[in-house]
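Q: My file is protein02.cif. It has mmCIF, C-alpha atoms:
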```
data_entry
#
loop_
_atom_site.label_atom_id
_atom_site.label_comp_id
_atom_site.auth_asym_id
_atom_site.auth_seq_id
_atom_site.Cartn_x
_atom_site.Cartn_y
_atom_site.Cartn_z
CA MET A 1 81.97 131.42 122.16
CA LYS A 2 82.63 132.65 118.62
CA LYS A 3 84.57 135.63 119.98
CA PHE A 4 86.75 133.28 122.01
CA PHE A 5 87.34 131.08 118.98
CA LEU A 6 88.17 134.08 116.81
CA LEU A 7 90.59 135.47 119.43
CA ALA A 8 92.24 132.07 119.79
CA ALA A 9 92.62 131.79 116.02
CA MET A 10 94.13 135.28 115.80
CA ALA A 11 96.52 134.46 118.65
CA LEU A 12 97.58 131.28 116.89
CA LEU A 13 98.10 133.14 113.63
CA THR A 14 100.31 135.64 115.45
CA LEU A 15 102.16 132.79 117.14
CA SER A 16 102.43 131.04 113.78
CA ALA A 17 104.07 134.04 112.17
CA SER A 18 106.64 134.43 114.95
CA ALA A 19 107.33 130.80 115.89
CA GLN A 20 106.95 129.17 112.47
CA VAL A 21 103.99 127.06 113.61
CA LYS A 22 102.08 125.95 110.54
CA ILE A 23 98.32 126.43 110.55
CA ALA A 24 95.78 125.43 107.92
CA HIS A 25 92.06 125.55 107.36
CA VAL A 26 89.44 123.54 105.47
CA ASN A 27 85.81 123.99 104.65
CA PHE A 28 84.67 120.88 106.49
CA THR A 29 81.02 121.26 105.51
CA GLU A 30 81.92 121.48 101.84
CA LEU A 31 84.11 118.40 102.08
CA TYR A 32 81.61 116.08 103.70
CA GLN A 33 78.64 117.37 101.69
CA LEU A 34 80.42 116.86 98.35
CA THR A 35 81.59 113.28 98.87
CA SER A 36 79.97 110.48 96.90
CA ASP A 37 79.13 108.91 100.26
CA ALA A 38 77.06 111.99 101.11
CA ASP A 39 75.28 111.66 97.75
CA ALA A 40 74.35 108.08 98.68
CA ALA A 41 73.25 109.19 102.16
CA ARG A 42 71.05 111.91 100.66
CA ALA A 43 69.45 109.36 98.30
CA THR A 44 68.82 106.96 101.18
CA MET A 45 67.30 109.75 103.27
CA ALA A 46 65.13 110.94 100.37
CA ALA A 47 63.75 107.41 99.90
CA ALA A 48 63.08 107.04 103.62
CA GLN A 49 61.41 110.46 103.73
CA LYS A 50 59.27 109.61 100.70
CA GLU A 51 58.14 106.34 102.29
CA ALA A 52 57.35 108.12 105.57
CA ASN A 53 55.36 110.80 103.72
CA GLU A 54 53.40 108.17 101.79
CA THR A 55 52.57 106.28 105.00
CA PHE A 56 51.55 109.49 106.75
CA GLN A 57 49.43 110.53 103.75
CA SER A 58 47.55 107.23 103.70
CA MET A 59 46.92 107.47 107.45
CA TYR A 60 45.73 111.05 107.03
CA GLU A 61 43.43 110.09 104.16
CA GLU A 62 41.88 107.38 106.34
CA PHE A 63 41.31 109.96 109.07
CA GLN A 64 39.82 112.45 106.59
CA ALA A 65 37.47 109.85 105.08
CA LYS A 66 36.20 108.77 108.49
CA ASN A 67 35.91 112.37 109.65
CA ASN A 68 33.93 113.32 106.53
CA ASP A 69 31.67 110.30 107.09
CA TYR A 70 31.19 111.38 110.69
CA GLN A 71 30.36 114.97 109.67
CA GLN A 72 27.77 113.81 107.13
CA LYS A 73 26.05 111.13 109.21
CA ALA A 74 26.49 112.20 112.83
CA SER A 75 23.05 113.76 113.07
CA THR A 76 21.37 110.47 112.08
CA TRP A 77 23.31 108.20 114.46
CA THR A 78 22.24 107.05 117.87
CA PRO A 79 24.35 108.36 120.78
CA ALA A 80 26.12 104.97 121.11
CA ILE A 81 27.15 104.89 117.42
CA LYS A 82 28.18 108.54 117.56
CA GLU A 83 30.32 107.91 120.66
CA ASN A 84 31.91 104.87 119.02
CA LYS A 85 32.74 106.85 115.86
CA GLU A 86 34.19 109.73 117.92
CA LYS A 87 36.37 107.27 119.82
CA GLU A 88 37.52 105.73 116.52
CA LEU A 89 38.38 109.19 115.12
CA SER A 90 40.28 110.07 118.27
CA GLU A 91 42.30 106.84 118.09
CA ILE A 92 43.18 107.40 114.44
CA TYR A 93 44.18 111.00 115.18
CA ASN A 94 46.39 109.87 118.09
CA ARG A 95 48.05 107.21 115.88
CA LEU A 96 48.65 109.89 113.28
CA GLN A 97 50.38 112.15 115.79
CA GLU A 98 52.39 109.29 117.31
CA PHE A 99 53.56 108.21 113.87
CA GLN A 100 54.60 111.74 112.99
CA GLN A 101 56.65 112.10 116.18
CA SER A 102 58.29 108.68 115.96
CA ILE A 103 59.13 108.96 112.25
CA GLN A 104 60.80 112.33 112.80
CA GLN A 105 62.99 110.79 115.51
CA GLU A 106 63.76 107.73 113.38
CA LEU A 107 64.69 109.83 110.36
CA ALA A 108 66.96 112.05 112.45
CA GLN A 109 68.66 108.97 113.89
CA LYS A 110 69.02 107.41 110.43
CA GLU A 111 70.57 110.62 109.09
CA GLN A 112 73.03 110.70 111.98
CA GLU A 113 73.95 107.04 111.38
CA LEU A 114 74.50 107.68 107.67
CA TYR A 115 76.60 110.83 108.10
CA ALA A 116 78.74 109.76 111.08
CA PRO A 117 81.09 107.55 109.01
CA ILE A 118 81.32 110.24 106.31
CA ILE A 119 82.32 112.85 108.86
CA GLU A 120 84.90 110.48 110.33
CA LYS A 121 86.30 109.73 106.87
CA VAL A 122 86.67 113.44 106.09
CA ARG A 123 88.14 114.13 109.53
CA GLY A 124 90.67 111.32 108.99
CA THR A 125 91.61 112.68 105.57
CA VAL A 126 92.15 116.18 106.97
CA GLU A 127 94.21 114.78 109.84
CA LYS A 128 96.34 112.76 107.40
CA LEU A 129 96.98 115.84 105.24
CA ALA A 130 97.75 117.97 108.30
CA LYS A 131 100.27 115.48 109.63
CA ALA A 132 101.88 115.03 106.21
CA GLY A 133 102.14 118.80 105.81
CA GLY A 134 103.44 119.40 109.33
CA TYR A 135 100.48 121.58 110.38
CA ALA A 136 100.01 122.14 114.09
CA MET A 137 96.32 123.03 113.72
CA VAL A 138 93.60 122.89 111.11
CA PHE A 139 90.54 125.10 111.55
CA ASP A 140 87.14 124.70 109.99
CA SER A 141 86.80 127.76 107.77
CA SER A 142 83.05 127.93 108.44
CA GLN A 143 83.85 128.79 112.07
CA TYR A 144 85.79 132.01 111.57
CA LEU A 145 85.59 135.14 109.48
CA PHE A 146 89.06 135.56 108.01
CA ALA A 147 92.21 133.61 107.24
CA ASP A 148 95.27 135.09 105.60
CA ASP A 149 96.27 132.50 103.01
CA ASN A 150 99.87 133.75 103.30
CA LEU A 151 99.92 132.61 106.94
CA CYS A 152 97.34 129.84 106.88
CA LYS A 153 97.04 127.27 104.07
CA ASP A 154 93.66 126.17 102.71
CA LEU A 155 93.75 122.36 102.65
CA THR A 156 90.27 122.07 101.11
CA PRO A 157 91.52 121.51 97.51
CA ASP A 158 93.99 118.85 98.68
CA ALA A 159 91.32 117.15 100.80
CA LYS A 160 88.86 117.21 97.88
CA LYS A 161 91.46 115.50 95.70
CA GLU A 162 92.22 112.92 98.41
CA LEU A 163 88.49 112.20 98.86
CA GLY A 164 87.90 111.85 95.11
CA ILE A 165 85.72 114.97 94.85
CA PRO A 166 86.01 116.63 91.43
CA ALA A 167 87.77 120.00 91.70
CA ASN A 168 84.88 121.79 89.99
CA ARG A 169 82.25 120.40 92.39
CA THR A 170 81.21 123.05 94.90
CA LEU A 171 78.41 123.58 97.37
CA GLU A 172 76.77 125.82 94.76
CA SER A 173 76.92 123.10 92.09
CA LEU A 174 75.57 120.59 94.63
CA GLN A 175 72.69 122.96 95.40
CA ALA A 176 71.93 123.23 91.66
CA GLU A 177 72.00 119.41 91.37
CA LEU A 178 69.60 119.03 94.30
CA GLN A 179 67.25 121.67 92.91
CA ALA A 180 67.24 119.93 89.50
CA GLN A 181 66.44 116.61 91.19
CA ALA A 182 63.62 118.20 93.20
CA GLN A 183 62.06 119.60 90.03
CA GLN A 184 62.00 116.17 88.35
#
```
Here is the file; what I need is its structure written in the form of structure tokens.
A:
Amino acid sequence: MKKFFLLAAMALLTLSASAQVKIAHVNFTELYQLTSDADAARATMAAAQKEANETFQSMYEEFQAKNNDYQQKASTWTPAIKENKEKELSEIYNRLQEFQQSIQQELAQKEQELYAPIIEKVRGTVEKLAKAGGYAMVFDSSQYLFADDNLCKDLTPDAKKELGIPANRTLESLQAELQAQAQQ
């Protein structure tokens, strides 16, 4: 698939040079990750993840406490009490696993819901710039290996400006910000 995409891009670049078709590219990932909307989405996801982890931890601690109690007292219990405690442990363990599976699905869905409008906003901005600049095609620069800036314009700086992203904000600076937040 990547070979096909690369060949198509090269063919379009060749066509562009001979037929004066204008082609551009953007780093789509950089654009949507650097928006203030993405910052808000990351904060929302971090809070949801923290709450999920705290809930899971409390459920796990309950399981551990009851399991430790079982391990210490099992030899003194009657078979009926032992069976009841084993059933209780099994139920708690199953709830723990069910919670873990459902929360992963819910968090993935929440992330998709948060990022979908951001992606559409960035896509709309790129489309607006492409139409205003008379570009026939705009490629995502993360999907190919090379673009000759003499034949293919990078619209990323223009899109960053249009989206209100500071010119000096990059994926590397975002990564540094996120690492600093994680250390706090």
Q: Using only C-alpha atoms, what table do you get, as JSON lines, when you list each residue of range 92-128 of chain A with an atom no more than 10 Å from range 24-31 of chain A, its nearest pair of atoms, and their distance in Å rounded to one decimal, rows by chain then rising number?
A:
```
{"residue": "A:Ile118", "atom": "CA", "partner": "A:Leu31", "partner_atom": "CA", "distance": 9.6}
{"residue": "A:Ile119", "atom": "CA", "partner": "A:Phe28", "partner_atom": "CA", "distance": 8.7}
{"residue": "A:Val122", "atom": "CA", "partner": "A:Leu31", "partner_atom": "CA", "distance": 6.9}
{"residue": "A:Arg123", "atom": "CA", "partner": "A:Phe28", "partner_atom": "CA", "distance": 8.2}
{"residue": "A:Val126", "atom": "CA", "partner": "A:Val26", "partner_atom": "CA", "distance": 8.0}
```
Q: What does the distance from CA of Ala132 in chain A to CA of Leu34 in chain A come to in Å, to one decimal?
A: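 Separating CA of Ala132 in chain A from CA of Leu34 in chain A is a distance of 22.9 Å.
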Q: A:Ala43, A:Glu113, A:Ala167, A:Tyr93: which is nearest Glu61 in chain A, counting only C-alpha atoms?
A: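 The shortest atom-to-atom distance to Glu61 in chain A comes from A:Tyr93.
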Q: Distance CA of Lys121 in chain A-CA of Thr35 in chain A, one decimal place?
A: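 These two atoms are separated by 9.9 Å.
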Q: Between CA of Leu96 in chain A and CA of Phe63 in chain A, measure the distance and give it in Å to one decimal.
A: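 Calculated distance between CA of Leu96 in chain A and CA of Phe63 in chain A is 8.5 Å.
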Q: Please provide as a ChimeraX atom specification all residues within 9 Å of range 136-142 of chain A, with the sequence filter that same-chain residues fewer than 2 positions apart are discarded (counting only C-alpha atoms).
A: /A:9,12,21-29,126-127,130-131,134,144-147,152-155
Q: Give me the residues within 10 Å of Thr55 in chain A as a PyMOL selection string, counting all atoms listed in the file and dropping any in the same chain fewer than 4 places off.
A: chain A and resi 49-51+59-61+96+99-100
Q: Could you expand the PyMOL selection byres ((chain A and resi 171) around 8) into the explicit residues it covers here, written as a PyMOL selection string?
A: chain A and resi 30+33-34+169-170+172-175
Q: Taking into account only C-alpha atoms, which residue in the set A:Gln104, A:Gln20, A:Ser36, A:Ser75 is nearest to Pro166 in chain A?
A: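 Checking each candidate against Pro166 in chain A, we get A:Ser36 as the closest.
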Q: I'd like the contact shell of Ile103 in chain A - 10 Å cut-off, only C-alpha atoms, skipping same-chain residues fewer than 6 positions apart - returned as a PyMOL selection string.
A: chain A and resi 48-49+52-53+56+97+109
Q: Excluding same-chain residues fewer than 5 positions from range 78-86 of chain A, what lies within 10 Å of it counting only C-alpha atoms, as a PyMOL selection string?
A: chain A and resi 66-67+69-70+73+91-92
Q: Add whatever atoms are absent from range 21-42 of chain A to reach N, CA, C and O atoms, and provide the output as a PDB file, in the frame of the given file.
A:
```pdb
ATOM      1  N   VAL A  21     104.986 128.115 113.444  1.00  0.00           N
ATOM      2  CA  VAL A  21     103.990 127.060 113.610  1.00  0.00           C
ATOM      3  C   VAL A  21     103.093 127.122 112.380  1.00  0.00           C
ATOM      4  O   VAL A  21     102.586 128.182 112.024  1.00  0.00           O
ATOM      5  N   LYS A  22     102.898 125.989 111.741  1.00  0.00           N
ATOM      6  CA  LYS A  22     102.080 125.950 110.540  1.00  0.00           C
ATOM      7  C   LYS A  22     100.619 125.707 110.895  1.00  0.00           C
ATOM      8  O   LYS A  22     100.312 124.806 111.662  1.00  0.00           O
ATOM      9  N   ILE A  23      99.756 126.527 110.323  1.00  0.00           N
ATOM     10  CA  ILE A  23      98.320 126.430 110.550  1.00  0.00           C
ATOM     11  C   ILE A  23      97.624 126.348 109.198  1.00  0.00           C
ATOM     12  O   ILE A  23      98.037 126.987 108.238  1.00  0.00           O
ATOM     13  N   ALA A  24      96.555 125.574 109.157  1.00  0.00           N
ATOM     14  CA  ALA A  24      95.780 125.430 107.920  1.00  0.00           C
ATOM     15  C   ALA A  24      94.296 125.522 108.243  1.00  0.00           C
ATOM     16  O   ALA A  24      93.900 125.536 109.403  1.00  0.00           O
ATOM     17  N   HIS A  25      93.511 125.568 107.188  1.00  0.00           N
ATOM     18  CA  HIS A  25      92.060 125.550 107.360  1.00  0.00           C
ATOM     19  C   HIS A  25      91.431 124.746 106.234  1.00  0.00           C
ATOM     20  O   HIS A  25      92.040 124.552 105.186  1.00  0.00           O
ATOM     21  N   VAL A  26      90.227 124.242 106.477  1.00  0.00           N
ATOM     22  CA  VAL A  26      89.440 123.540 105.470  1.00  0.00           C
ATOM     23  C   VAL A  26      87.994 123.957 105.622  1.00  0.00           C
ATOM     24  O   VAL A  26      87.571 124.389 106.689  1.00  0.00           O
ATOM     25  N   ASN A  27      87.244 123.806 104.558  1.00  0.00           N
ATOM     26  CA  ASN A  27      85.810 123.990 104.650  1.00  0.00           C
ATOM     27  C   ASN A  27      85.234 122.589 104.858  1.00  0.00           C
ATOM     28  O   ASN A  27      84.958 121.856 103.913  1.00  0.00           O
ATOM     29  N   PHE A  28      85.073 122.232 106.121  1.00  0.00           N
ATOM     30  CA  PHE A  28      84.670 120.880 106.490  1.00  0.00           C
ATOM     31  C   PHE A  28      83.286 120.543 105.936  1.00  0.00           C
ATOM     32  O   PHE A  28      83.060 119.452 105.426  1.00  0.00           O
ATOM     33  N   THR A  29      82.368 121.489 106.008  1.00  0.00           N
ATOM     34  CA  THR A  29      81.020 121.260 105.510  1.00  0.00           C
ATOM     35  C   THR A  29      81.047 120.945 104.017  1.00  0.00           C
ATOM     36  O   THR A  29      80.390 120.016 103.552  1.00  0.00           O
ATOM     37  N   GLU A  30      81.807 121.721 103.278  1.00  0.00           N
ATOM     38  CA  GLU A  30      81.920 121.480 101.840  1.00  0.00           C
ATOM     39  C   GLU A  30      82.473 120.088 101.578  1.00  0.00           C
ATOM     40  O   GLU A  30      81.947 119.357 100.737  1.00  0.00           O
ATOM     41  N   LEU A  31      83.489 119.698 102.318  1.00  0.00           N
ATOM     42  CA  LEU A  31      84.110 118.400 102.080  1.00  0.00           C
ATOM     43  C   LEU A  31      83.138 117.248 102.310  1.00  0.00           C
ATOM     44  O   LEU A  31      82.987 116.383 101.454  1.00  0.00           O
ATOM     45  N   TYR A  32      82.454 117.245 103.459  1.00  0.00           N
ATOM     46  CA  TYR A  32      81.610 116.080 103.700  1.00  0.00           C
ATOM     47  C   TYR A  32      80.325 116.116 102.877  1.00  0.00           C
ATOM     48  O   TYR A  32      79.787 115.064 102.526  1.00  0.00           O
ATOM     49  N   GLN A  33      79.847 117.291 102.507  1.00  0.00           N
ATOM     50  CA  GLN A  33      78.640 117.370 101.690  1.00  0.00           C
ATOM     51  C   GLN A  33      78.891 116.967 100.235  1.00  0.00           C
ATOM     52  O   GLN A  33      77.980 116.521  99.552  1.00  0.00           O
ATOM     53  N   LEU A  34      80.109 117.123  99.760  1.00  0.00           N
ATOM     54  CA  LEU A  34      80.420 116.860  98.350  1.00  0.00           C
ATOM     55  C   LEU A  34      80.919 115.447  98.077  1.00  0.00           C
ATOM     56  O   LEU A  34      81.110 115.081  96.918  1.00  0.00           O
ATOM     57  N   THR A  35      81.116 114.644  99.102  1.00  0.00           N
ATOM     58  CA  THR A  35      81.590 113.280  98.870  1.00  0.00           C
ATOM     59  C   THR A  35      80.510 112.434  98.208  1.00  0.00           C
ATOM     60  O   THR A  35      79.315 112.704  98.348  1.00  0.00           O
ATOM     61  N   SER A  36      80.939 111.400  97.505  1.00  0.00           N
ATOM     62  CA  SER A  36      79.970 110.480  96.900  1.00  0.00           C
ATOM     63  C   SER A  36      79.199 109.737  97.981  1.00  0.00           C
ATOM     64  O   SER A  36      78.039 109.370  97.779  1.00  0.00           O
ATOM     65  N   ASP A  37      79.827 109.536  99.133  1.00  0.00           N
ATOM     66  CA  ASP A  37      79.130 108.910 100.260  1.00  0.00           C
ATOM     67  C   ASP A  37      77.960 109.775 100.719  1.00  0.00           C
ATOM     68  O   ASP A  37      76.903 109.253 101.076  1.00  0.00           O
ATOM     69  N   ALA A  38      78.145 111.083 100.715  1.00  0.00           N
ATOM     70  CA  ALA A  38      77.060 111.990 101.110  1.00  0.00           C
ATOM     71  C   ALA A  38      75.943 111.951 100.070  1.00  0.00           C
ATOM     72  O   ALA A  38      74.756 112.045 100.430  1.00  0.00           O
ATOM     73  N   ASP A  39      76.303 111.798  98.795  1.00  0.00           N
ATOM     74  CA  ASP A  39      75.280 111.660  97.750  1.00  0.00           C
ATOM     75  C   ASP A  39      74.425 110.426  98.032  1.00  0.00           C
ATOM     76  O   ASP A  39      73.196 110.469  97.936  1.00  0.00           O
ATOM     77  N   ALA A  40      75.075 109.321  98.372  1.00  0.00           N
ATOM     78  CA  ALA A  40      74.350 108.080  98.680  1.00  0.00           C
ATOM     79  C   ALA A  40      73.489 108.256  99.934  1.00  0.00           C
ATOM     80  O   ALA A  40      72.350 107.780  99.977  1.00  0.00           O
ATOM     81  N   ALA A  41      74.018 108.949 100.932  1.00  0.00           N
ATOM     82  CA  ALA A  41      73.250 109.190 102.160  1.00  0.00           C
ATOM     83  C   ALA A  41      72.023 110.042 101.873  1.00  0.00           C
ATOM     84  O   ALA A  41      70.929 109.767 102.385  1.00  0.00           O
ATOM     85  N   ARG A  42      72.194 111.058 101.030  1.00  0.00           N
ATOM     86  CA  ARG A  42      71.050 111.910 100.660  1.00  0.00           C
ATOM     87  C   ARG A  42      69.983 111.096  99.932  1.00  0.00           C
ATOM     88  O   ARG A  42      68.784 111.255 100.170  1.00  0.00           O
TER      89      ARG A  42
END
```
